[in-house]
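**Student:** One structure, pasted below without further comment.
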Amino acid sequence: MKRSAFFLFALAFAWAGSVARAQSTPPSTPKATVVVPRDSVSIADVQRAADELARTVQQVVKKVTESPELKVAALNLAKESVNAAQVVVTQQAATLQSVLEALSRQVAAATVTIQQTKPKAH
């Protein structure tokens, strides 16, 4: 049972990757583009990925409805996929919170510096 779940899991992600590549490939000839590396993804990117994963899992589950073993594996895969998406969202939220805290400290320090350099009126 675990092998079939792992196989289905791998199949779903391989299929999702091929679908994503097919959707993102432009029909015209490719142009030279500069790829800017990103340190993190936006919440919208995570949501789109989670939505795409949910659609992909639904399609896979529809295709395996003939086999009870694969039905169970597909349902387990869907559950684990949702759990994985929740972990990613939580990690991104923690990253966002730490960035906002750092920016808050910088703004507070800049405010103190500005107040100290401002001439006092007597």
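Chains: A, B, ... in order of the structure tokens. Residues: from 1 per chain. Ligands: from 1, in order shown.
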Excluding range 86-98 of chain A and its own-chain neighbours fewer than 2 positions away, which residues fall within 9 Å of it when counting only C-alpha atoms? Please give them as a short mmCIF file (atom, residue, chain, number, x, y, z; two decimals) with N, CA and C atoms, in the first residue's frame.

**Tutor:**
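Saved file part-v4.cif follows:
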```cif
data_model
loop_
_atom_site.label_atom_id
_atom_site.label_comp_id
_atom_site.auth_asym_id
_atom_site.auth_seq_id
_atom_site.Cartn_x
_atom_site.Cartn_y
_atom_site.Cartn_z
N SER A 40 12.27 34.45 -1.98
CA SER A 40 11.05 33.86 -1.48
C SER A 40 9.94 34.09 -2.50
N VAL A 41 8.85 33.42 -2.27
CA VAL A 41 7.72 33.57 -3.16
C VAL A 41 6.64 34.36 -2.45
N SER A 42 5.77 34.95 -3.23
CA SER A 42 4.68 35.72 -2.63
C SER A 42 3.58 34.78 -2.17
N ILE A 43 2.72 35.28 -1.33
CA ILE A 43 1.58 34.50 -0.86
C ILE A 43 0.70 34.13 -2.05
N VAL A 46 2.15 31.12 -3.73
CA VAL A 46 1.88 29.91 -2.94
C VAL A 46 0.43 29.49 -3.12
N GLN A 47 -0.47 30.46 -3.11
CA GLN A 47 -1.89 30.14 -3.28
C GLN A 47 -2.15 29.55 -4.66
N ALA A 50 -0.87 26.03 -4.64
CA ALA A 50 -1.77 25.16 -3.87
C ALA A 50 -3.04 24.87 -4.66
N SER A 81 -0.91 16.37 0.57
CA SER A 81 -0.63 17.56 -0.23
C SER A 81 -1.16 18.81 0.45
N VAL A 82 -2.35 18.72 1.02
CA VAL A 82 -2.91 19.86 1.74
C VAL A 82 -2.04 20.17 2.95
N ASN A 83 -1.59 19.13 3.65
CA ASN A 83 -0.71 19.34 4.79
C ASN A 83 0.59 20.03 4.36
N ALA A 84 1.15 19.59 3.23
CA ALA A 84 2.39 20.19 2.73
C ALA A 84 2.15 21.66 2.36
N LEU A 100 9.11 41.76 8.52
CA LEU A 100 8.39 42.93 9.03
C LEU A 100 8.95 43.39 10.37
N GLU A 101 9.33 42.45 11.23
CA GLU A 101 9.92 42.82 12.51
C GLU A 101 11.25 43.54 12.31
N ALA A 102 12.07 43.05 11.39
CA ALA A 102 13.35 43.70 11.11
C ALA A 102 13.14 45.11 10.57
N LEU A 103 12.17 45.26 9.66
CA LEU A 103 11.88 46.59 9.13
C LEU A 103 11.35 47.52 10.21
#
```

**Student:** Any idea what the distance is between CA of Glu80 in chain A and CA of Gln59 in chain A?

**Tutor:** 16.0 Å
